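Q: My file is final.csv. It has CSV, C-alpha atoms:
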```csv
chain,number,residue,atom,x,y,z
A,1,MET,CA,-1.3,7.7,22.8
A,2,ALA,CA,-0.7,4.6,20.8
A,3,ALA,CA,-2.2,6.0,17.6
A,4,GLY,CA,0.0,9.1,17.8
A,5,GLU,CA,3.1,6.9,18.2
A,6,GLU,CA,2.1,4.8,15.2
A,7,GLY,CA,1.7,8.0,13.2
A,8,ALA,CA,5.1,9.2,14.2
A,9,LEU,CA,6.6,5.9,13.2
A,10,TRP,CA,5.3,6.2,9.7
A,11,SER,CA,6.1,9.9,9.3
A,12,ILE,CA,9.7,9.2,10.4
A,13,MET,CA,10.1,6.6,7.7
A,14,GLY,CA,8.7,9.0,5.1
A,15,TYR,CA,11.1,11.7,6.2
A,16,LEU,CA,14.1,9.4,6.0
A,17,ILE,CA,13.2,8.2,2.5
A,18,SER,CA,12.5,11.6,1.1
A,19,GLY,CA,15.7,13.1,2.7
A,20,LEU,CA,17.9,10.6,0.9
A,21,LEU,CA,15.8,10.9,-2.3
A,22,ILE,CA,15.7,14.7,-2.6
A,23,TRP,CA,19.3,15.6,-1.7
A,24,GLY,CA,20.7,12.4,-3.2
A,25,GLY,CA,18.8,13.2,-6.3
A,26,ILE,CA,20.2,16.8,-6.4
A,27,GLY,CA,23.7,15.5,-5.9
A,28,TYR,CA,23.2,13.0,-8.7
A,29,GLY,CA,21.9,15.8,-10.9
A,30,ILE,CA,25.0,17.9,-10.2
A,31,ASP,CA,27.3,14.9,-10.9
A,32,ARG,CA,25.6,14.4,-14.3
A,33,TRP,CA,25.9,18.1,-15.1
A,34,LEU,CA,29.5,18.6,-14.1
A,35,GLY,CA,30.7,15.1,-14.9
A,36,THR,CA,32.0,14.6,-11.3
A,37,HIS,CA,31.4,11.6,-9.0
A,38,PHE,CA,31.4,12.9,-5.4
A,39,PHE,CA,28.3,15.1,-5.3
A,40,LEU,CA,26.0,12.1,-5.0
A,41,LEU,CA,27.7,11.0,-1.9
A,42,ILE,CA,27.6,14.5,-0.4
A,43,GLY,CA,23.9,14.8,-1.3
A,44,LEU,CA,23.1,11.4,0.3
A,45,LEU,CA,25.0,12.3,3.5
A,46,LEU,CA,23.4,15.8,3.6
A,47,GLY,CA,20.0,14.4,3.0
A,48,GLY,CA,20.3,11.6,5.6
A,49,GLY,CA,21.6,14.1,8.2
A,50,ALA,CA,19.0,16.7,7.4
A,51,SER,CA,16.1,14.2,7.6
A,52,LEU,CA,17.4,12.9,11.0
A,53,TYR,CA,17.6,16.5,12.2
A,54,LEU,CA,14.0,17.0,10.9
A,55,VAL,CA,12.8,13.9,12.8
A,56,TRP,CA,14.4,15.3,15.9
A,57,LEU,CA,12.8,18.7,15.4
A,58,ARG,CA,9.3,17.1,14.8
A,59,PHE,CA,9.3,14.4,17.4
A,60,GLY,CA,12.4,14.6,19.6
A,61,ARG,CA,12.3,18.0,21.3
A,62,LYS,CA,9.1,17.9,23.3
B,1,MET,CA,-4.2,-18.4,-14.9
B,2,ARG,CA,-1.0,-19.6,-16.3
B,3,SER,CA,-0.6,-22.0,-19.1
B,4,PHE,CA,1.9,-24.7,-18.5
B,5,GLN,CA,4.9,-23.7,-20.6
B,6,TYR,CA,8.2,-25.4,-21.0
B,7,GLY,CA,11.5,-24.1,-22.3
B,8,SER,CA,13.1,-25.5,-25.5
B,9,GLY,CA,15.2,-28.0,-23.5
B,10,GLY,CA,12.2,-29.0,-21.4
B,11,GLY,CA,13.6,-27.0,-18.5
B,12,PHE,CA,11.5,-25.2,-15.9
B,13,VAL,CA,10.4,-21.8,-16.9
B,14,PRO,CA,10.3,-19.7,-13.8
B,15,PRO,CA,7.3,-17.4,-13.4
B,16,SER,CA,7.9,-13.8,-14.4
B,17,THR,CA,6.2,-10.5,-14.8
B,18,SER,CA,4.7,-11.8,-18.1
B,19,ASP,CA,2.5,-14.0,-15.9
B,20,PHE,CA,0.7,-10.9,-14.7
B,21,ASN,CA,-0.2,-9.6,-18.2
B,22,LEU,CA,-3.2,-11.6,-18.8
B,23,PRO,CA,-4.8,-11.5,-22.3
B,24,PRO,CA,-8.2,-9.9,-22.8
B,25,VAL,CA,-11.2,-12.2,-22.3
B,26,ILE,CA,-13.4,-10.7,-25.0
B,27,GLY,CA,-11.6,-10.2,-28.4
B,28,HIS,CA,-8.8,-7.7,-28.2
B,29,ASN,CA,-10.6,-5.2,-25.9
B,30,PRO,CA,-7.9,-4.2,-23.3
B,31,TYR,CA,-10.7,-3.4,-20.8
B,32,THR,CA,-11.9,-6.9,-20.5
B,33,THR,CA,-8.9,-8.5,-18.7
B,34,LYS,CA,-9.2,-10.6,-15.6
B,35,PRO,CA,-8.1,-7.9,-13.1
B,36,ILE,CA,-10.9,-5.6,-14.4
B,37,PHE,CA,-13.5,-8.4,-13.9
B,38,LEU,CA,-12.2,-9.1,-10.4
B,39,VAL,CA,-12.5,-5.5,-9.4
B,40,VAL,CA,-16.1,-5.4,-10.7
B,41,LEU,CA,-16.8,-8.7,-8.9
B,42,SER,CA,-15.3,-7.3,-5.7
B,43,VAL,CA,-17.8,-4.4,-5.8
B,44,VAL,CA,-20.7,-6.8,-6.3
B,45,VAL,CA,-19.4,-9.1,-3.5
B,46,ILE,CA,-19.0,-6.3,-1.0
B,47,SER,CA,-22.4,-4.7,-1.9
B,48,VAL,CA,-24.3,-8.0,-1.6
B,49,PHE,CA,-22.6,-9.0,1.6
B,50,PHE,CA,-23.2,-5.7,3.4
B,51,LEU,CA,-26.7,-5.3,2.1
B,52,ALA,CA,-27.6,-8.8,3.2
B,53,ALA,CA,-25.9,-8.2,6.6
B,54,SER,CA,-27.7,-5.0,7.3
B,55,ARG,CA,-31.1,-5.7,5.7
B,56,LYS,CA,-32.9,-7.1,8.7
B,57,ALA,CA,-31.1,-5.5,11.6
B,58,LEU,CA,-32.0,-7.2,14.8
B,59,VAL,CA,-31.1,-6.5,18.4
B,60,VAL,CA,-29.8,-10.1,18.7
B,61,PRO,CA,-27.8,-10.2,15.5
B,62,SER,CA,-27.7,-13.2,13.1
B,63,LYS,CA,-24.2,-14.5,12.2
B,64,LEU,CA,-24.2,-12.6,9.0
B,65,GLN,CA,-25.2,-9.3,10.7
B,66,PHE,CA,-22.6,-9.9,13.4
B,67,ALA,CA,-19.8,-10.4,10.8
B,68,GLY,CA,-20.8,-7.2,8.9
B,69,GLU,CA,-21.1,-5.2,12.0
B,70,SER,CA,-17.7,-6.4,13.3
B,71,ILE,CA,-15.9,-5.3,10.2
B,72,TYR,CA,-17.7,-1.9,10.3
B,73,SER,CA,-17.1,-1.2,13.9
B,74,PHE,CA,-13.5,-2.3,13.5
B,75,VAL,CA,-12.9,0.4,10.8
B,76,ARG,CA,-15.1,2.9,12.7
B,77,LYS,CA,-13.5,2.5,16.1
B,78,ASP,CA,-9.9,1.4,15.5
B,79,LEU,CA,-9.2,3.3,12.3
B,80,GLY,CA,-11.6,6.2,12.5
B,81,GLU,CA,-12.3,7.4,16.1
B,82,GLU,CA,-9.0,6.5,17.7
B,83,ILE,CA,-6.8,8.0,15.0
B,84,ILE,CA,-8.8,11.0,13.5
B,85,GLY,CA,-10.5,12.1,16.7
B,86,HIS,CA,-13.8,13.9,17.2
B,87,GLU,CA,-14.3,14.7,13.5
B,88,PHE,CA,-13.9,11.1,12.4
B,89,MET,CA,-17.5,10.4,11.4
B,90,ARG,CA,-17.3,12.1,8.0
B,91,PHE,CA,-14.3,10.0,7.0
B,92,VAL,CA,-15.7,6.6,8.0
B,93,PRO,CA,-17.5,5.9,4.7
B,94,PHE,CA,-14.2,6.5,2.8
B,95,LEU,CA,-12.1,4.5,5.2
B,96,PHE,CA,-14.7,1.7,5.2
B,97,THR,CA,-14.9,1.5,1.4
B,98,LEU,CA,-11.1,1.6,1.1
B,99,PHE,CA,-10.6,-1.2,3.6
B,100,THR,CA,-13.3,-3.6,2.3
B,101,PHE,CA,-12.3,-2.9,-1.3
B,102,ILE,CA,-8.6,-3.6,-0.8
B,103,LEU,CA,-9.3,-6.5,1.5
B,104,THR,CA,-11.6,-8.2,-1.0
B,105,ASN,CA,-9.4,-7.7,-3.9
B,106,ASN,CA,-6.3,-8.9,-2.0
B,107,VAL,CA,-8.1,-12.1,-0.8
B,108,PHE,CA,-9.1,-12.8,-4.4
B,109,GLY,CA,-5.4,-13.7,-4.7
B,110,ILE,CA,-6.0,-17.0,-2.8
B,111,VAL,CA,-9.6,-17.8,-3.6
B,112,PRO,CA,-9.7,-20.9,-5.7
B,113,LEU,CA,-10.4,-20.3,-9.4
B,114,LEU,CA,-10.1,-16.5,-9.0
B,115,GLN,CA,-6.5,-16.6,-7.7
B,116,PHE,CA,-5.3,-13.3,-8.9
B,117,PRO,CA,-4.7,-10.2,-6.7
B,118,SER,CA,-5.9,-7.2,-8.7
B,119,MET,CA,-3.6,-5.0,-6.7
B,120,SER,CA,-0.6,-6.6,-8.3
B,121,HIS,CA,-1.3,-4.3,-11.2
B,122,VAL,CA,0.2,-1.1,-10.0
B,123,SER,CA,-2.5,1.2,-11.6
B,124,PHE,CA,-5.1,0.1,-9.0
B,125,PRO,CA,-3.0,1.1,-6.0
B,126,TYR,CA,-2.0,4.3,-7.8
B,127,VAL,CA,-5.7,5.3,-8.1
B,128,LEU,CA,-6.5,4.5,-4.5
B,129,ALA,CA,-3.5,6.4,-3.3
B,130,LEU,CA,-4.6,9.4,-5.5
B,131,PHE,CA,-7.9,9.4,-3.7
B,132,THR,CA,-6.1,9.5,-0.3
B,133,PHE,CA,-3.7,12.1,-1.6
B,134,VAL,CA,-6.4,14.5,-2.8
B,135,ILE,CA,-8.6,13.9,0.3
B,136,PHE,CA,-6.0,14.5,2.9
B,137,HIS,CA,-4.7,17.7,1.2
B,138,TRP,CA,-8.2,18.9,0.6
B,139,VAL,CA,-9.2,18.4,4.2
B,140,GLY,CA,-6.1,20.2,5.4
B,141,ILE,CA,-6.6,23.2,3.0
B,142,ARG,CA,-10.3,23.4,4.0
B,143,LYS,CA,-9.5,23.3,7.7
B,144,GLN,CA,-6.5,25.6,7.9
B,145,GLY,CA,-6.6,27.7,4.7
B,146,LEU,CA,-4.2,27.2,1.8
B,147,GLY,CA,-1.5,29.5,3.1
B,148,THR,CA,-1.4,28.2,6.6
B,149,TYR,CA,-1.6,24.6,5.5
B,150,LEU,CA,1.3,24.9,3.1
B,151,LYS,CA,3.3,26.9,5.6
B,152,GLY,CA,2.8,24.3,8.2
B,153,ILE,CA,4.1,21.6,5.8
B,154,ALA,CA,7.1,23.5,4.5
B,155,PHE,CA,8.4,25.6,7.4
B,156,MET,CA,9.2,24.1,10.7
B,157,PRO,CA,8.8,26.7,13.5
B,158,GLY,CA,11.8,27.5,15.6
B,159,VAL,CA,14.6,26.9,13.1
B,160,PRO,CA,17.2,29.3,11.8
B,161,LYS,CA,16.2,30.7,8.4
B,162,LEU,CA,19.3,29.2,6.6
B,163,VAL,CA,18.3,25.7,7.7
B,164,TYR,CA,15.1,25.9,5.7
B,165,ILE,CA,17.1,25.5,2.5
B,166,LEU,CA,18.0,22.0,3.7
B,167,LEU,CA,14.7,21.0,5.3
B,168,THR,CA,11.9,22.5,3.2
B,169,PRO,CA,12.6,20.3,0.1
B,170,ILE,CA,12.5,17.2,2.3
B,171,GLU,CA,9.2,18.3,3.9
B,172,VAL,CA,7.6,19.1,0.6
B,173,ALA,CA,8.8,15.9,-1.0
B,174,THR,CA,7.5,13.9,1.9
B,175,PHE,CA,4.0,15.3,1.7
B,176,PHE,CA,3.6,15.5,-2.1
B,177,LEU,CA,5.7,12.7,-3.4
B,178,VAL,CA,6.9,10.1,-0.9
B,179,ARG,CA,3.5,9.6,0.9
B,180,PRO,CA,1.4,8.7,-2.2
B,181,LEU,CA,4.2,6.7,-3.7
B,182,THR,CA,5.0,4.6,-0.7
B,183,LEU,CA,1.4,4.1,0.0
B,184,SER,CA,0.7,2.6,-3.4
B,185,LEU,CA,4.0,0.8,-4.0
B,186,ARG,CA,3.8,-0.9,-0.6
B,187,LEU,CA,0.4,-2.5,-1.5
B,188,PHE,CA,1.4,-3.3,-5.1
B,189,ALA,CA,4.8,-4.8,-4.2
B,190,ASN,CA,3.3,-7.0,-1.4
B,191,MET,CA,0.6,-8.4,-3.7
B,192,PHE,CA,3.0,-8.8,-6.7
B,193,ALA,CA,5.7,-10.6,-4.7
B,194,GLY,CA,3.1,-12.8,-2.9
B,195,HIS,CA,1.5,-14.0,-6.1
B,196,LEU,CA,4.9,-14.6,-7.6
B,197,LEU,CA,6.0,-16.7,-4.6
B,198,LEU,CA,2.9,-18.9,-4.8
B,199,LEU,CA,3.5,-19.3,-8.6
B,200,VAL,CA,7.1,-20.5,-7.9
B,201,PHE,CA,6.1,-23.2,-5.5
B,202,ILE,CA,3.0,-24.5,-7.3
B,203,MET,CA,4.5,-24.4,-10.8
B,204,GLY,CA,7.7,-25.7,-9.4
B,205,GLY,CA,5.8,-28.7,-7.8
B,206,ASP,CA,4.0,-29.2,-11.1
B,207,HIS,CA,7.3,-29.4,-13.0
B,208,LEU,CA,8.9,-31.7,-10.4
B,209,ILE,CA,6.1,-34.2,-10.5
B,210,ARG,CA,6.6,-34.6,-14.2
B,211,GLY,CA,10.3,-35.3,-13.8
B,212,VAL,CA,12.2,-38.5,-12.9
B,213,VAL,CA,11.4,-40.5,-9.8
B,214,GLY,CA,13.8,-38.6,-7.6
B,215,LEU,CA,12.2,-35.4,-8.5
B,216,LYS,CA,8.7,-36.8,-8.0
B,217,LEU,CA,9.5,-37.5,-4.4
B,218,ILE,CA,10.4,-33.8,-3.8
B,219,ALA,CA,7.3,-32.5,-5.5
B,220,PRO,CA,4.9,-32.9,-2.5
B,221,PHE,CA,7.2,-30.7,-0.4
B,222,SER,CA,7.0,-28.0,-3.0
B,223,PHE,CA,3.2,-28.3,-3.0
B,224,ALA,CA,3.0,-28.4,0.8
B,225,PHE,CA,5.1,-25.3,1.0
B,226,GLY,CA,2.9,-23.6,-1.6
B,227,ILE,CA,-0.1,-24.3,0.6
B,228,GLY,CA,1.7,-23.1,3.7
B,229,MET,CA,2.6,-19.9,1.8
B,230,THR,CA,-1.1,-19.5,0.8
B,231,PHE,CA,-2.0,-19.2,4.5
B,232,PHE,CA,0.8,-16.8,5.0
B,233,GLU,CA,-0.4,-14.8,2.0
B,234,PHE,CA,-3.8,-14.4,3.7
B,235,LEU,CA,-2.1,-12.8,6.6
B,236,VAL,CA,-0.2,-10.4,4.4
B,237,GLN,CA,-3.3,-9.6,2.4
B,238,CYS,CA,-5.3,-8.6,5.5
B,239,LEU,CA,-2.3,-6.7,6.9
B,240,GLN,CA,-1.8,-4.6,3.7
B,241,ALA,CA,-5.5,-3.7,3.6
B,242,TYR,CA,-5.2,-2.6,7.2
B,243,ILE,CA,-2.0,-0.6,6.7
B,244,PHE,CA,-3.3,1.3,3.7
B,245,THR,CA,-6.4,2.3,5.6
B,246,LEU,CA,-4.5,3.1,8.7
B,247,LEU,CA,-2.1,5.4,6.9
B,248,THR,CA,-4.9,7.1,5.1
B,249,ALA,CA,-6.5,7.8,8.5
B,250,LEU,CA,-3.2,9.0,9.9
B,251,TYR,CA,-2.6,11.4,7.0
B,252,ILE,CA,-6.1,12.8,7.4
B,253,ALA,CA,-5.5,13.2,11.1
B,254,GLY,CA,-2.3,15.0,10.4
B,255,ALA,CA,-3.9,17.4,8.0
B,256,LEU,CA,-6.7,18.2,10.5
B,257,SER,CA,-4.3,18.9,13.4
B,258,ASP,CA,-2.7,22.3,13.5
B,259,GLU,CA,0.9,21.2,14.0
B,260,HIS,CA,2.1,18.3,11.8
```
The structure given in the file should be rewritten as structure tokens.
A:
Amino acid sequence: MAAGEEGALWSIMGYLISGLLIWGGIGYGIDRWLGTHFFLLIGLLLGGGASLYLVWLRFGRK
Amino acid sequence: MRSFQYGSGGGFVPPSTSDFNLPPVIGHNPYTTKPIFLVVLSVVVISVFFLAASRKALVVPSKLQFAGESIYSFVRKDLGEEIIGHEFMRFVPFLFTLFTFILTNNVFGIVPLLQFPSMSHVSFPYVLALFTFVIFHWVGIRKQGLGTYLKGIAFMPGVPKLVYILLTPIEVATFFLVRPLTLSLRLFANMFAGHLLLLVFIMGGDHLIRGVVGLKLIAPFSFAFGIGMTFFEFLVQCLQAYIFTLLTALYIAGALSDEH
């Protein structure tokens, strides 16, 4: 269905943004707290990976 | 509208965010700025147009009736029925209001003399997105019950428990933060950038035409490009009204369906 596909498209975009935002944000917070510099990168990678996994779970495995 | 201002050296002052902060029309009352009047005007325009279009409904419609009915059936069919499904009818009034309101306010950005998109002030899209936000969550809670609805959002079925630590924050953030924010910021940024772009070309042309002969020759190109961009803006304005309404319908459809 065309409408369903369009919905999936926008949901995927939302997931990708919030994955980077949340885990990147957590990493940035830990960096600020501990005075380190690498948790932001770890958080971004983790968030990006997790959101891709989530997209696969929601839309890929039918 | 922008007063023609020049820098101390007579150089071009590029348009900036300050061009969007228009002074109050009546005294110092901050509720009498141009965007506020435009929003009120849009409500009047929409009401008058659709009242006139539907007042004497005929089987063979007049041009006005045809125009009104085309817009209505577009929202009802393409944005309501096709996306939300069999329960679509109770959301059509909201979708229709949203679409016409955003469309009218956006198009004000290129209507001569009005020429200001109210949605380039971020508070208006914020409020519209708040409506969408409250409605689609309310619909979901009413349909599935609070517990089931939140569980459906936060916990993906068929995933090892440990993975939830990673996925649940993303899901919750998507539904409660990213959705309303992207919805409002997309509309705001498009209208803001579009208006700024038109200002650059028109004000730039105005500045060039006051310059030396060589610059005067270039000025028409700047104006022509400004006019071209105005047509392009019209496209963007319609598209943004459509996308805002489409996403609202999609979010409602998602809240109504059992699996997200």
Q: Would you kindly report the residues of chain A within 12 Å of chain B, using only C-alpha atoms, as an MDAnalysis selection string?
A: chainID A and resid 1:26 43 45:59 61
Q: If we count only C-alpha atoms and set the cut-off at 9 Å, which residues sit around Ser118 in chain B, ignoring sequence neighbours fewer than 2 positions away in its own chain? Please answer as an mmCIF file with C-alpha atoms, keeping the file's coordinate frame.
A:
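Output (selection-v2.cif):
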```
data_model
loop_
_atom_site.group_PDB
_atom_site.id
_atom_site.type_symbol
_atom_site.label_atom_id
_atom_site.label_comp_id
_atom_site.auth_asym_id
_atom_site.auth_seq_id
_atom_site.Cartn_x
_atom_site.Cartn_y
_atom_site.Cartn_z
ATOM 1 C CA LYS B 34 -9.200 -10.600 -15.600
ATOM 2 C CA PRO B 35 -8.100 -7.900 -13.100
ATOM 3 C CA ILE B 36 -10.900 -5.600 -14.400
ATOM 4 C CA LEU B 38 -12.200 -9.100 -10.400
ATOM 5 C CA VAL B 39 -12.500 -5.500 -9.400
ATOM 6 C CA ASN B 105 -9.400 -7.700 -3.900
ATOM 7 C CA ASN B 106 -6.300 -8.900 -2.000
ATOM 8 C CA PHE B 108 -9.100 -12.800 -4.400
ATOM 9 C CA GLY B 109 -5.400 -13.700 -4.700
ATOM 10 C CA PHE B 116 -5.300 -13.300 -8.900
ATOM 11 C CA SER B 120 -0.600 -6.600 -8.300
ATOM 12 C CA HIS B 121 -1.300 -4.300 -11.200
ATOM 13 C CA VAL B 122 0.200 -1.100 -10.000
ATOM 14 C CA PHE B 124 -5.100 0.100 -9.000
ATOM 15 C CA MET B 191 0.600 -8.400 -3.700
#
```
Q: Place a sphere of radius 12 Å on (0.2, -6.1, -2.7) in the file coordinates and name every protein, DNA or RNA residue with an atom inside or on its surface, counting all atoms listed in the file; give the answer as a PyMOL selection string.
A: chain B and resi 102-103+105-109+116-126+182-196+233-244
Q: Neighbouring residues of range 64-66 of chain B were defined as those with any atom within 10 Å, considering only C-alpha atoms; residues of the same chain fewer than 3 positions away were excluded. Please report them as a PyMOL selection string.
A: chain B and resi 49-58+60-61+69-72
Q: For CA of Val213 in chain B and CA of Val200 in chain B, quote the distance in Å rounded to one decimal.
A: 20.5 Å
Q: Find the distance between CA of Leu199 in chain B and CA of Pro14 in chain B and write it in Å to one decimal.
A: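 CA of Leu199 in chain B sits 8.6 Å away from CA of Pro14 in chain B.
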Q: Could you give me, as a compact mmCIF listing (two decimals) with C-alpha atoms, in the frame of the given file, the residues within 12 Å of Ser257 in chain B, counting all atoms listed in the file and dropping anything in the same chain fewer than 6 positions from it?
A:
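Output saved as out.txt:
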```txt
# COMPACT_ATOMS: atom_id res chain seq x y z
CA GLY A 4 0.00 9.10 17.80
CA ILE B 83 -6.80 8.00 15.00
CA ILE B 84 -8.80 11.00 13.50
CA GLY B 85 -10.50 12.10 16.70
CA HIS B 86 -13.80 13.90 17.20
CA GLU B 87 -14.30 14.70 13.50
CA PHE B 136 -6.00 14.50 2.90
CA VAL B 139 -9.20 18.40 4.20
CA GLY B 140 -6.10 20.20 5.40
CA ILE B 141 -6.60 23.20 3.00
CA LYS B 143 -9.50 23.30 7.70
CA GLN B 144 -6.50 25.60 7.90
CA THR B 148 -1.40 28.20 6.60
CA TYR B 149 -1.60 24.60 5.50
CA GLY B 152 2.80 24.30 8.20
CA ILE B 153 4.10 21.60 5.80
CA LEU B 250 -3.20 9.00 9.90
CA TYR B 251 -2.60 11.40 7.00
```
Q: What are the centre and the three edge lengths of an axis-aligned box that wraps all atoms of range 246-258 of chain B in the file, given that 8 Å is added to every side, written as lines of an AutoDock Vina configuration file and rounded to one decimal in Å?
A:
```
center_x = -4.4
center_y = 12.7
center_z = 9.3
size_x = 20.6
size_y = 35.2
size_z = 24.4
```
Q: Do you have the CA of Ile110 in chain B-CA of Gly226 in chain B distance handy?
A: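 If I compute the distance from CA of Ile110 in chain B to CA of Gly226 in chain B, I get 11.1 Å.
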Q: Using the atoms already present, construct N, CA and C atoms for range 94-108 of chain B and hand them back as a PDB file, in the coordinates of the input.
A:
```pdb
ATOM      1  N   PHE B  94     -15.414   6.672   3.634  1.00  0.00           N
ATOM      2  CA  PHE B  94     -14.200   6.500   2.800  1.00  0.00           C
ATOM      3  C   PHE B  94     -13.322   5.416   3.290  1.00  0.00           C
ATOM      4  N   LEU B  95     -13.025   5.471   4.584  1.00  0.00           N
ATOM      5  CA  LEU B  95     -12.100   4.500   5.200  1.00  0.00           C
ATOM      6  C   LEU B  95     -12.710   3.068   5.030  1.00  0.00           C
ATOM      7  N   PHE B  96     -14.004   2.973   5.278  1.00  0.00           N
ATOM      8  CA  PHE B  96     -14.700   1.700   5.200  1.00  0.00           C
ATOM      9  C   PHE B  96     -14.645   1.110   3.786  1.00  0.00           C
ATOM     10  N   THR B  97     -14.956   1.967   2.810  1.00  0.00           N
ATOM     11  CA  THR B  97     -14.900   1.500   1.400  1.00  0.00           C
ATOM     12  C   THR B  97     -13.503   1.094   1.024  1.00  0.00           C
ATOM     13  N   LEU B  98     -12.537   1.904   1.420  1.00  0.00           N
ATOM     14  CA  LEU B  98     -11.100   1.600   1.100  1.00  0.00           C
ATOM     15  C   LEU B  98     -10.740   0.246   1.682  1.00  0.00           C
ATOM     16  N   PHE B  99     -11.041   0.051   2.953  1.00  0.00           N
ATOM     17  CA  PHE B  99     -10.600  -1.200   3.600  1.00  0.00           C
ATOM     18  C   PHE B  99     -11.273  -2.409   3.012  1.00  0.00           C
ATOM     19  N   THR B 100     -12.599  -2.377   2.833  1.00  0.00           N
ATOM     20  CA  THR B 100     -13.300  -3.600   2.300  1.00  0.00           C
ATOM     21  C   THR B 100     -12.863  -3.819   0.852  1.00  0.00           C
ATOM     22  N   PHE B 101     -12.699  -2.747   0.082  1.00  0.00           N
ATOM     23  CA  PHE B 101     -12.300  -2.900  -1.300  1.00  0.00           C
ATOM     24  C   PHE B 101     -10.939  -3.538  -1.461  1.00  0.00           C
ATOM     25  N   ILE B 102      -9.971  -3.021  -0.723  1.00  0.00           N
ATOM     26  CA  ILE B 102      -8.600  -3.600  -0.800  1.00  0.00           C
ATOM     27  C   ILE B 102      -8.586  -4.993  -0.267  1.00  0.00           C
ATOM     28  N   LEU B 103      -9.258  -5.201   0.874  1.00  0.00           N
ATOM     29  CA  LEU B 103      -9.300  -6.500   1.500  1.00  0.00           C
ATOM     30  C   LEU B 103      -9.844  -7.574   0.530  1.00  0.00           C
ATOM     31  N   THR B 104     -10.998  -7.266  -0.066  1.00  0.00           N
ATOM     32  CA  THR B 104     -11.600  -8.200  -1.000  1.00  0.00           C
ATOM     33  C   THR B 104     -10.743  -8.514  -2.170  1.00  0.00           C
ATOM     34  N   ASN B 105     -10.201  -7.465  -2.760  1.00  0.00           N
ATOM     35  CA  ASN B 105      -9.400  -7.700  -3.900  1.00  0.00           C
ATOM     36  C   ASN B 105      -8.088  -8.435  -3.605  1.00  0.00           C
ATOM     37  N   ASN B 106      -7.535  -8.178  -2.412  1.00  0.00           N
ATOM     38  CA  ASN B 106      -6.300  -8.900  -2.000  1.00  0.00           C
ATOM     39  C   ASN B 106      -6.652 -10.395  -1.810  1.00  0.00           C
ATOM     40  N   VAL B 107      -7.749 -10.666  -1.101  1.00  0.00           N
ATOM     41  CA  VAL B 107      -8.100 -12.100  -0.800  1.00  0.00           C
ATOM     42  C   VAL B 107      -8.415 -12.842  -2.040  1.00  0.00           C
ATOM     43  N   PHE B 108      -8.876 -12.152  -3.088  1.00  0.00           N
ATOM     44  CA  PHE B 108      -9.100 -12.800  -4.400  1.00  0.00           C
ATOM     45  C   PHE B 108      -7.822 -13.556  -4.830  1.00  0.00           C
TER      46      PHE B 108
END
```
